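Here's the structure, in structure tokens; my notes come after.
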Amino acid sequence: MSSMFLARRLVTRCFSSRPPLHVCIVGSGPAGFYTADKLLKAHEGARIDIIDRLPTPFGLVRSGVAPDHPETKIAINQFSRVAQHNRCAFYGNVKLGSDLSLSELRDLYHVVVLAYGAESDKNLGIPGESLGGIYSAREFVWWYNGHPDYSSLKPDLKSSDTAVILGQGNVALDVARILLRPTTELASTDIATHALSALEESSIRKVYLVGRRGPVQAALTAKELREILGIKNLHIRIKETDLTVTPADEEEMKNSRARKRIYELLSKAAAGTSKGDCDQRELHFVFFRQPERFLESDESKGRVSGVNLEKTILESGGSGKQIAVGTGEFEDINCSMVLKAIGYKSVPIDGLPFDHKKGIVPNVRGRVVSGDISQTEPGLYVCGWLKRGPVGIIATNLYCAEETVGSISQDIEEEEEGVVGKSEKAGRKGLVQLLENKMVKKVDFSGWEKIDAKEKQMGIERNKPREKLVTWEDLLAASSADS
């Protein structure tokens, strides 16, 4: 019998003979659900409540994954099983920071795990960034995915035939693909109807994907790249000079098969380009350029009309990494819409230590620390993007949760003074009472199931997997409707 199994059995036995361990997880995306799943398996005495500010669970799996990637959303099935576990509960429409405070949660629970992700955006900090027609990729993604905060967004898809996307990661590819893919192919997905209607009338025919470095350094994956390169009648444009590789590039490709494969795919795509008709759709990969400022339209004051870009070259940044450096040469790309795909950013809340530079909660293996790195906050933990920054895929959160749950288990076992699990806590009963006192209309998992059923029923009528409810009012009404 392995020592790990013995340790786990010892912890489990220890928990079954003591009062319940009350745990609250803030955020119902992959990080939150993976944490709940692992805690339920590790501790028989754990009673877990997952809260989320939205009436709907699943975080970015619902509002971030592209509608034409249904296979990625299969994780929802596993998360639903977790939510239906007899020792787990979901409460949506509960906002940490306004409906209840972090200190109130810590009073009610032995363990609080913050896994609410990144709901804001990094800024470029360059002139003209506040002009109309400039959006973050997150805003655009939430718009086409029917997120209730952005269902009323009205991106300008008609003023010109050109959109510029700053960034060349997978999110940049997602938004480029949605702009360029034939709407007949999107119509059978769960894309929000308001977005599909706007895209059907879109004038956008050219999308420029702008990156500071070269094709060898592009922060995308081969799978996502192949998908966009495979769109019917889409013409790929890449300057031949941008595909020239240096010895440093060769070294990078030698050390990374993934980088080499991406370069090969881009080179092959560039070689296959041809002249097309005037209504053709084009995807331009623009390398070695960084935004200097946004240009304001002469005709429409307060709106963007283009981006001024500085040409860059690569210099060694040490450790084999090449960094982009401006050359002082500039050029413009005219456009009516800009999407900034330069990264998400987490938002701090009162009473929570926060590293504004890194955009994360300071932590050691998921334990929240304040001030001195050795000073941990008892019973307070973090997981997901809030813990490590907005990087990785859905499955990355699995390993992230494993580490955080390992720290929780270790702290429980040690049972030092002031550490997790010693005192009696009110847990779920206290939370429900507090929300009632504050007149917060929580949405439990059965409420979500009503939303889910209505969306699927509406989807059948339109030959889609679901027709998303996209306003707070409609979501809350559906959650409390009579079965």
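Identifiers for the structure tokens are assigned positionally: chains receive A, B, ... in sequence, residues are indexed from 1 per chain, and ligands are indexed from 1 in the order shown.
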Margin query: If DSSP is run on the backbone, what residues of range 86-116 of chain A are strand (DSSP E or B)? A reply as a ChimeraX atom specification would be ideal.
Written below: /A:88-92,96,100,111-114
Export of the given selection (all heavy atoms) as a CSV table (one decimal), in the first residue's frame:
chain,number,residue,atom,x,y,z
A,88,CYS,N,-22.0,19.5,-2.2
A,88,CYS,CA,-21.6,20.8,-2.9
A,88,CYS,C,-22.9,21.5,-3.3
A,88,CYS,O,-23.9,20.9,-3.5
A,88,CYS,CB,-20.9,20.4,-4.2
A,88,CYS,SG,-20.2,21.8,-5.1
A,89,ALA,N,-22.8,22.9,-3.3
A,89,ALA,CA,-23.9,23.7,-3.7
A,89,ALA,C,-23.4,24.9,-4.5
A,89,ALA,O,-22.2,25.3,-4.3
A,89,ALA,CB,-24.7,24.3,-2.5
A,90,PHE,N,-24.2,25.3,-5.5
A,90,PHE,CA,-23.8,26.5,-6.3
A,90,PHE,C,-24.8,27.6,-6.0
A,90,PHE,O,-26.0,27.3,-6.0
A,90,PHE,CB,-23.9,26.1,-7.8
A,90,PHE,CG,-23.9,27.3,-8.7
A,90,PHE,CD1,-22.7,28.0,-9.0
A,90,PHE,CD2,-25.0,27.8,-9.3
A,90,PHE,CE1,-22.7,29.1,-9.8
A,90,PHE,CE2,-25.0,28.9,-10.2
A,90,PHE,CZ,-23.8,29.5,-10.4
A,91,TYR,N,-24.3,28.8,-5.9
A,91,TYR,CA,-25.1,30.0,-5.7
A,91,TYR,C,-24.7,31.1,-6.6
A,91,TYR,O,-23.6,31.7,-6.4
A,91,TYR,CB,-25.1,30.5,-4.2
A,91,TYR,CG,-25.7,29.5,-3.2
A,91,TYR,CD1,-24.8,28.9,-2.3
A,91,TYR,CD2,-27.0,29.0,-3.3
A,91,TYR,CE1,-25.3,28.0,-1.3
A,91,TYR,CE2,-27.5,28.1,-2.4
A,91,TYR,CZ,-26.7,27.6,-1.4
A,91,TYR,OH,-27.2,26.6,-0.6
A,92,GLY,N,-25.4,31.3,-7.7
A,92,GLY,CA,-25.1,32.4,-8.6
A,92,GLY,C,-25.8,33.7,-8.2
A,92,GLY,O,-26.6,33.7,-7.3
A,96,LEU,N,-19.2,39.1,-4.7
A,96,LEU,CA,-18.3,39.4,-3.7
A,96,LEU,C,-17.8,40.8,-3.8
A,96,LEU,O,-17.5,41.3,-4.9
A,96,LEU,CB,-17.1,38.4,-3.8
A,96,LEU,CG,-16.0,38.6,-2.8
A,96,LEU,CD1,-16.5,38.3,-1.3
A,96,LEU,CD2,-14.8,37.7,-3.1
A,100,LEU,N,-21.7,40.7,-0.5
A,100,LEU,CA,-21.0,40.4,0.8
A,100,LEU,C,-19.5,40.6,0.6
A,100,LEU,O,-19.0,40.7,-0.4
A,100,LEU,CB,-21.3,38.9,1.1
A,100,LEU,CG,-21.3,37.8,0.1
A,100,LEU,CD1,-19.9,37.4,-0.3
A,100,LEU,CD2,-22.0,36.6,0.6
A,111,VAL,N,-12.4,27.6,5.1
A,111,VAL,CA,-11.6,27.8,4.0
A,111,VAL,C,-12.3,28.6,2.9
A,111,VAL,O,-13.5,28.3,2.6
A,111,VAL,CB,-11.2,26.4,3.3
A,111,VAL,CG1,-10.5,26.6,2.0
A,111,VAL,CG2,-10.3,25.6,4.3
A,112,VAL,N,-11.7,29.7,2.4
A,112,VAL,CA,-12.2,30.4,1.3
A,112,VAL,C,-11.1,30.4,0.2
A,112,VAL,O,-10.0,30.7,0.4
A,112,VAL,CB,-12.4,31.9,1.7
A,112,VAL,CG1,-12.8,32.7,0.4
A,112,VAL,CG2,-13.5,32.0,2.7
A,113,VAL,N,-11.6,29.9,-1.0
A,113,VAL,CA,-10.7,29.8,-2.2
A,113,VAL,C,-11.2,30.8,-3.2
A,113,VAL,O,-12.3,30.7,-3.7
A,113,VAL,CB,-10.7,28.4,-2.8
A,113,VAL,CG1,-9.7,28.3,-3.9
A,113,VAL,CG2,-10.3,27.3,-1.7
A,114,LEU,N,-10.4,31.7,-3.6
A,114,LEU,CA,-10.7,32.7,-4.6
A,114,LEU,C,-10.3,32.3,-5.9
A,114,LEU,O,-9.1,32.0,-6.2
A,114,LEU,CB,-10.0,34.1,-4.2
A,114,LEU,CG,-10.4,34.6,-2.8
A,114,LEU,CD1,-9.5,35.8,-2.4
A,114,LEU,CD2,-11.9,35.1,-2.8
Note to self: Going by DSSP on the backbone, which residues of range 231-434 of chain A come out as helix (DSSP H, G or I)? List them as a PyMOL selection string.
What the structure shows: chain A and resi 240-243+247-255+257-271+385-388+396-414+427-434
Note to self: Give me, as a list in words, all polymer residues having an atom no more than 10 Å from Ser305 in chain A, counting only C-alpha atoms and skipping those fewer than 5 positions away in the same chain.
What the structure shows: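 Counting only C-alpha atoms, the residues come to Leu131, Gly132, Gly133, Ile134, Ser159, Ser160, Thr162, Phe294, Leu295, Glu296, Ser297, Asp298, Glu299, Ser300, Asp332, Ile333, Asn334, Cys335, Ser336, Met337 and Val338 of chain A.
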Margin query: List as a PyMOL selection string the protein and nucleic acid residues near Pro148 in chain A, meaning an atom at most 7 Å away when only C-alpha atoms are counted, but skip any in the same chain fewer than 2 places from it.
Written below: chain A and resi 146+150-151+470-472
Atoms to include: N, CA and C atoms. Write the selected residues as a short mmCIF file (atom, residue, chain, number, x, y, z; two decimals), in the first residue's frame.
data_model
loop_
_atom_site.label_atom_id
_atom_site.label_comp_id
_atom_site.auth_asym_id
_atom_site.auth_seq_id
_atom_site.Cartn_x
_atom_site.Cartn_y
_atom_site.Cartn_z
N GLY A 146 -22.72 36.10 -25.67
CA GLY A 146 -23.96 36.37 -24.95
C GLY A 146 -23.79 36.63 -23.46
N TYR A 150 -22.27 42.39 -21.65
CA TYR A 150 -21.86 42.97 -22.93
C TYR A 150 -22.84 42.67 -24.07
N SER A 151 -24.04 42.24 -23.76
CA SER A 151 -25.00 41.93 -24.82
C SER A 151 -25.45 43.18 -25.56
N VAL A 470 -29.45 36.52 -22.82
CA VAL A 470 -28.30 37.41 -22.80
C VAL A 470 -28.47 38.65 -21.93
N THR A 471 -29.60 38.74 -21.20
CA THR A 471 -29.74 39.88 -20.27
C THR A 471 -29.91 39.35 -18.85
N TRP A 472 -29.52 40.16 -17.90
CA TRP A 472 -29.67 39.79 -16.50
C TRP A 472 -31.14 39.50 -16.19
#
Notebook entry, point to check: Using only C-alpha atoms, which residue out of A:Thr72, A:Gln457, A:Thr35, A:Asn123 lies closest to Pro291 in chain A?
Noted result: A:Asn123
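Closest to Glu424 in chain A among A:Leu21, A:Leu283, A:Ala42, A:Ala401 is A:Leu21, based on only C-alpha atoms.
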